[in-house]
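One structure is given below, encoded as structure tokens.
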Amino acid sequence: MQYELTKLKNNLNTLFVHSPGSTAGTIQIWFRAGSALEKNDHEGIAHFLEHMFFKGTKTRPGAKIAHEVETFGGEINAFTSFDYTCYYINTPNTRLPDSINILLDMVANPEFKQEDLVPERDVVFEEYRRSIDSPGQFAFSKLQNSAFSGAYAHQILGREETIKNFSREQLQFFRNSYYNLTNTLFIVAGDLTNKEEIIKVIENYKLPEGPESLFPEFELKKNSTIDVHQKEIGMATLTMVIKAPVYSSTEAASEDLAINCLGFGETSRLYDALVLDKTLANVASASTMFMAHGGAHFIRLVFPYKNMSELLAKFTKTIVKAIDEGLAADEVQKIKNQYLSSKIYEMESIESFSFSLGHSYAQNGDIKCEEEFIERIKNTNANAVNKSLRNIFSQNMHMSLQIPKEVSLDKSKKELQKFQKSLELVKKSLTEKSKSKLKIEKSKHDQQVQLIKIKPGVSLLYRQNKMTPTFVFQAYLRGGITEETTKTNGIYHLLSSMLTKGHNKISYEKIKQTLEEKSSSINGFSGKNAYGLLMHGLTENLHDLFPHFAGALTHADMPIKYLKHEKQLAGRALTNQKEDPVKHCFKEAQKLFFGNHPYALNPIGSEATLKSIPQVSLINLHKKNIKTKEILLTYCGDSELDDVLDILGPLLSELPARKSSKLIYKKYKSTVGVERFISFNREQTQIFYGIPCGKTGSPENLYLKMLSAHLSGQSSELFVEVRDRLGLCYSAQPVHFAAIEGGYFGIYMASGHDKVAAATVAIKDLLRRIRDNGLALEDFNRIKTMIKGQNLINVQTNEDFASIYSVPVLQDQGLDYYYKGNLEIEKLSHTDFQKNIKKILSQKWNTIIVGREFEGLKNTRIKAKAKKN
């Protein structure tokens, strides 16, 4: 990709990113204006301003901005951070000029109507409520409050009192102060063959002049701090934060390398000591966040509270050992490789590449600052990294501990104070691998795709992509949750996680070290009807890495040590699910819609099955599958087919021919027309209103896919009605789950506990209206355009292509199943859609509500059902 930065006639700094032949494009506008510029009485205004820009202009009133973008299949969104705000449109390349017009009109000509401002306060307040329910967001806000100083100490969302009182005057003041030409970068990326036309469009718009944003220095509080708070969680979380240097400094590169050596990847010091060794923790990670002037190093540990004392002692011991022995040169080189490869992976997606350049500008006002940082990373040696490691732990450390509600605050604080003292002692001590003979089927829609029948029951799906020197290798076998019973529930989840834990007596630790040194990954996966392996990496390392992929697939060791480890992690996930109302909501949905079908089971399993599944069952199941079940190997990357077949040779010789078999669909009966209430004490209540639908490929899923498109997005009936007009929620969305043997459709919403009755009425009224009246021809045609545009945008990376071809091939749906579905939508008539959607929506619906008891609950059937349960 080529890029050029220029200032146009309207004085707008514009970055053009040219990717010849790209079908996707992106438009982004970055403002160096975020929450760190807010005053106390308007905390959250930067984020609120982001919301209000979407409320329309004179030429595009109301939801028309999002409506226009989503009509051609594009995506529009924005995000606000401490130091910047970004608005963007991902678009089919043919719609670049339209997207430019829309985005620049939005930011140059907002109306900020009072009639839009009032309900948007409720919307943002719902987002604020959601942040309170989210353990992670809540923990970060507590850390901000206790450890951060000055302008960075408040939530980006703001406070309840500021959110509920934002005014037009505050919006205008913040916009006029910071959203100016000096603080703006506009990015246009895609196939820019028509660049001159694009420039003319841009120059039609004018942003105000103004001064440069002056950001305060990021500071932590002078003295070390401790925060301990309770939350409805299953695991405890400890977050530590230490001051980091300015991004442009030499020390920033060496300190970032040091902190990542400690906590990035499964071969890092902390992960090995705290997660792999005795499974004391689920998570042990470390990273750096840089602000405009300064930054912070974060260390995060997630663990069962009962392990706290042992965990903290071992943490201290691990840090002391790293400081005393020093980080080895290969550890440092591993992290360097990660940085360098990340820049290559970014080029797989035009949005990612453009976001990287935009973030560079937002970070330091210079699009090349990330490139310069990478150069400093490359030139930093192990000695400098070890010096920085010592420097990091010579500074004050701030801590925030989130504990389950049943745990004592006083006891936890004393434990943390003891830990802090041990780190103070550390601080003190520091200060002193033939194509012609094979049967090949080619895609009728993608000339790069071929399906090669290697032998009966063994096939290779190959797609060449010469754009980037990366690859994806996948292996798919039939299996997954559909083959489980109540006694074996979770076996495929465990199996997929154990495939990568060592093979042919080569240890998991050695394999992970090799993978991370080469910036690659290998993971098992398990779904409803399939399981297997996925490996992603750089082409230059393919020959070295593939033996680990083949070994994991055919000779996985599945050591008892790691089986115990995976069972503990799965058990903890089950514990967390107990406190997650969204999980409860969809668990109930699956029970109702799938009845006695395995789809109703929890993919992780149950506490009983996790205990009862032995190592031998996993090994025997996979051995049987690898010998008898159809297997599809998928490669997407830049290598030639002959080279891929050469690499596959040893593996293919090990895989015997096997009989092909048709998929047997299990019968089940859905429960419909019922209401369920599950009591859950949260600020927001989870609502799902749904119906069962047929298996993948059934006609009704075609109509439901279109309806889902109609109800998705910021300009949809659903979004505009229940969120923008009524302010009933922060988000509301259609859910269309379609799997090989069945599925369901419905509307999901998270609403304030005081708005449940109104929210359920709004959802039902909307669906009843569509059932009775159908959709207008204009909306029907718009849906077709949307889906076509989304298809152009959503399939870009090697993994994207592997996914859309592999599962349909494995399940006998055909190589071009993806395109067949899209063609069916293009050929569908409005009359046919109207008739069938009415029939589908006339079914009996299920209502599931998870949250607090609400006004009117006692007079509904929901309450009666709740008592029976």
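Residue names in the structure tokens use chain letters A, B, ... in the order shown, residue numbers from 1 in each chain, and ligand numbers from 1 in the order shown.
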
Do a neighbour search on region 815-828 of chain A at 9 Å with only C-alpha atoms, toss out local chain neighbours closer than 5 positions, and write the hits as an NGL selection string. :A and (441-446 or 449-451 or 461 or 697 or 702-703 or 706 or 784 or 787-788 or 791 or 804-806 or 808-809 or 833)

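Once Phe138 (chain A) and its same-chain neighbours fewer than 6 positions away are set aside, Ser131, Ile132 and Lys231 of chain A remain within 9 Å of it when counting only C-alpha atoms.
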
Near region 394-399 of chain A, 12 Å: region 415-466 of chain A residue rows, closest pairs, only C-alpha atoms, as CSV:
```
residue,atom,partner,partner_atom,distance
A:Leu416,CA,A:Met399,CA,8.3
A:Gln417,CA,A:Met399,CA,9.7
A:Phe419,CA,A:Met399,CA,10.1
A:Gln420,CA,A:Met397,CA,8.0
A:Lys421,CA,A:Met397,CA,10.6
A:Ser422,CA,A:Met397,CA,11.5
A:Leu423,CA,A:Met397,CA,8.3
A:Glu424,CA,A:Asn396,CA,8.2
A:Leu425,CA,A:Ser394,CA,9.8
A:Val426,CA,A:Ser394,CA,7.7
A:Lys427,CA,A:Ser394,CA,4.5
A:Lys428,CA,A:Ser394,CA,7.2
A:Ser429,CA,A:Ser394,CA,8.6
A:Leu430,CA,A:Ser394,CA,6.0
A:Thr431,CA,A:Ser394,CA,6.5
A:Glu432,CA,A:Ser394,CA,10.2
```

Per DSSP on the backbone, filter region 270-474 of chain A down to the residues in strand (DSSP E or B) and report them as a ChimeraX atom specification. /A:283-291,294-303,398-404,439-442,449-455,458-464,470-474

Can you pull out the residues contacting Leu171 (chain A)? Cut-off 12 Å, using only C-alpha atoms, and skip same-chain residues under 6 positions away; I want them as a list in words. Glu38, His42, Glu43, Gly44, Ile45, Ala46, His47, Phe48, Leu49, Glu50, His51, Met52, Phe53, Pro110, Glu111, Phe112, Lys113, Gln114, Leu117, Ile163, Asn165, Ser177, Tyr178 and Tyr179 of chain A

Name all residues at most 6 Å from Asp557 (chain A) (count only C-alpha atoms; drop same-chain ones fewer than 2 positions away) and give them as a ChimeraX atom specification. /A:502-503,559

Out of region 157-372 of chain A, which residues get alpha helix (DSSP H) from DSSP, as a ChimeraX atom specification? /A:160-163,168-178,195-202,250-263,269-271,308-325,329-346,350-364,369-372

Since we have the selection now, will you write its residues out, keeping C-alpha atoms, as a CSV table (one decimal), in the first residue's frame?
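Written file, selection-v5.csv:
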```csv
chain,number,residue,atom,x,y,z
A,160,GLU,CA,-24.1,10.4,36.1
A,161,GLU,CA,-24.6,14.0,37.0
A,162,THR,CA,-22.7,15.4,34.0
A,163,ILE,CA,-24.3,12.9,31.5
A,168,ARG,CA,-26.1,22.4,23.6
A,169,GLU,CA,-23.8,25.1,24.9
A,170,GLN,CA,-21.3,22.6,26.3
A,171,LEU,CA,-21.4,20.6,23.0
A,172,GLN,CA,-20.7,23.8,21.0
A,173,PHE,CA,-18.0,25.0,23.3
A,174,PHE,CA,-16.0,21.7,23.2
A,175,ARG,CA,-16.5,21.4,19.4
A,176,ASN,CA,-15.4,25.0,18.7
A,177,SER,CA,-12.4,24.6,21.0
A,178,TYR,CA,-10.9,21.5,19.6
A,195,LYS,CA,-8.2,10.4,-6.7
A,196,GLU,CA,-8.8,13.8,-8.5
A,197,GLU,CA,-12.6,13.3,-8.2
A,198,ILE,CA,-12.2,12.4,-4.6
A,199,ILE,CA,-10.1,15.6,-3.9
A,200,LYS,CA,-12.9,17.7,-5.4
A,201,VAL,CA,-15.5,16.2,-3.1
A,202,ILE,CA,-13.3,16.8,0.0
A,250,THR,CA,14.3,5.9,23.7
A,251,GLU,CA,13.3,4.6,27.1
A,252,ALA,CA,9.7,4.1,25.9
A,253,ALA,CA,10.9,1.4,23.5
A,254,SER,CA,13.1,-0.4,26.0
A,255,GLU,CA,10.5,-0.3,28.8
A,256,ASP,CA,7.8,-1.5,26.4
A,257,LEU,CA,10.0,-4.5,25.5
A,258,ALA,CA,10.7,-5.2,29.1
A,259,ILE,CA,7.0,-5.2,30.2
A,260,ASN,CA,6.0,-7.4,27.3
A,261,CYS,CA,8.8,-9.9,28.0
A,262,LEU,CA,7.2,-10.2,31.4
A,263,GLY,CA,3.6,-10.6,30.3
A,269,ARG,CA,7.7,-15.0,32.5
A,270,LEU,CA,4.5,-14.2,34.3
A,271,TYR,CA,2.2,-16.6,32.3
A,308,MET,CA,-4.2,-15.0,46.3
A,309,SER,CA,-1.5,-15.4,49.0
A,310,GLU,CA,0.4,-18.0,47.0
A,311,LEU,CA,0.0,-16.1,43.8
A,312,LEU,CA,1.3,-12.8,45.1
A,313,ALA,CA,4.3,-14.5,46.7
A,314,LYS,CA,5.2,-16.2,43.4
A,315,PHE,CA,4.7,-13.0,41.5
A,316,THR,CA,7.3,-11.3,43.6
A,317,LYS,CA,9.6,-14.2,43.3
A,318,THR,CA,9.2,-14.2,39.5
A,319,ILE,CA,10.0,-10.5,39.3
A,320,VAL,CA,13.0,-10.7,41.5
A,321,LYS,CA,14.3,-13.6,39.4
A,322,ALA,CA,13.8,-11.7,36.2
A,323,ILE,CA,15.7,-8.7,37.6
A,324,ASP,CA,18.5,-10.7,39.1
A,325,GLU,CA,19.1,-13.1,36.1
A,329,ALA,CA,18.4,-12.0,24.3
A,330,ASP,CA,15.9,-14.5,22.7
A,331,GLU,CA,13.1,-13.3,25.0
A,332,VAL,CA,13.7,-9.8,23.8
A,333,GLN,CA,14.0,-10.9,20.2
A,334,LYS,CA,10.6,-12.7,20.5
A,335,ILE,CA,8.9,-9.4,21.4
A,336,LYS,CA,10.7,-7.6,18.6
A,337,ASN,CA,9.5,-10.2,16.1
A,338,GLN,CA,5.9,-9.6,17.4
A,339,TYR,CA,6.2,-5.9,16.7
A,340,LEU,CA,7.6,-6.4,13.2
A,341,SER,CA,5.1,-9.0,12.2
A,342,SER,CA,2.2,-7.0,13.5
A,343,LYS,CA,3.0,-4.3,10.9
A,344,ILE,CA,2.8,-6.9,8.2
A,345,TYR,CA,-0.4,-8.4,9.5
A,346,GLU,CA,-2.0,-4.9,9.5
A,350,ILE,CA,-7.1,-1.7,4.6
A,351,GLU,CA,-9.0,-0.5,7.7
A,352,SER,CA,-6.3,-1.9,10.1
A,353,PHE,CA,-3.4,-0.2,8.1
A,354,SER,CA,-5.3,3.1,8.0
A,355,PHE,CA,-6.2,2.9,11.6
A,356,SER,CA,-2.5,2.4,12.4
A,357,LEU,CA,-1.5,5.6,10.5
A,358,GLY,CA,-4.4,7.5,12.1
A,359,HIS,CA,-3.5,6.4,15.6
A,360,SER,CA,0.0,7.6,15.0
A,361,TYR,CA,-1.3,11.0,14.2
A,362,ALA,CA,-3.6,11.0,17.2
A,363,GLN,CA,-0.8,9.8,19.5
A,364,ASN,CA,1.8,12.4,18.6
A,369,CYS,CA,5.7,8.1,14.9
A,370,GLU,CA,4.8,4.4,15.0
A,371,GLU,CA,7.4,3.6,12.3
A,372,GLU,CA,9.9,5.5,14.3
```
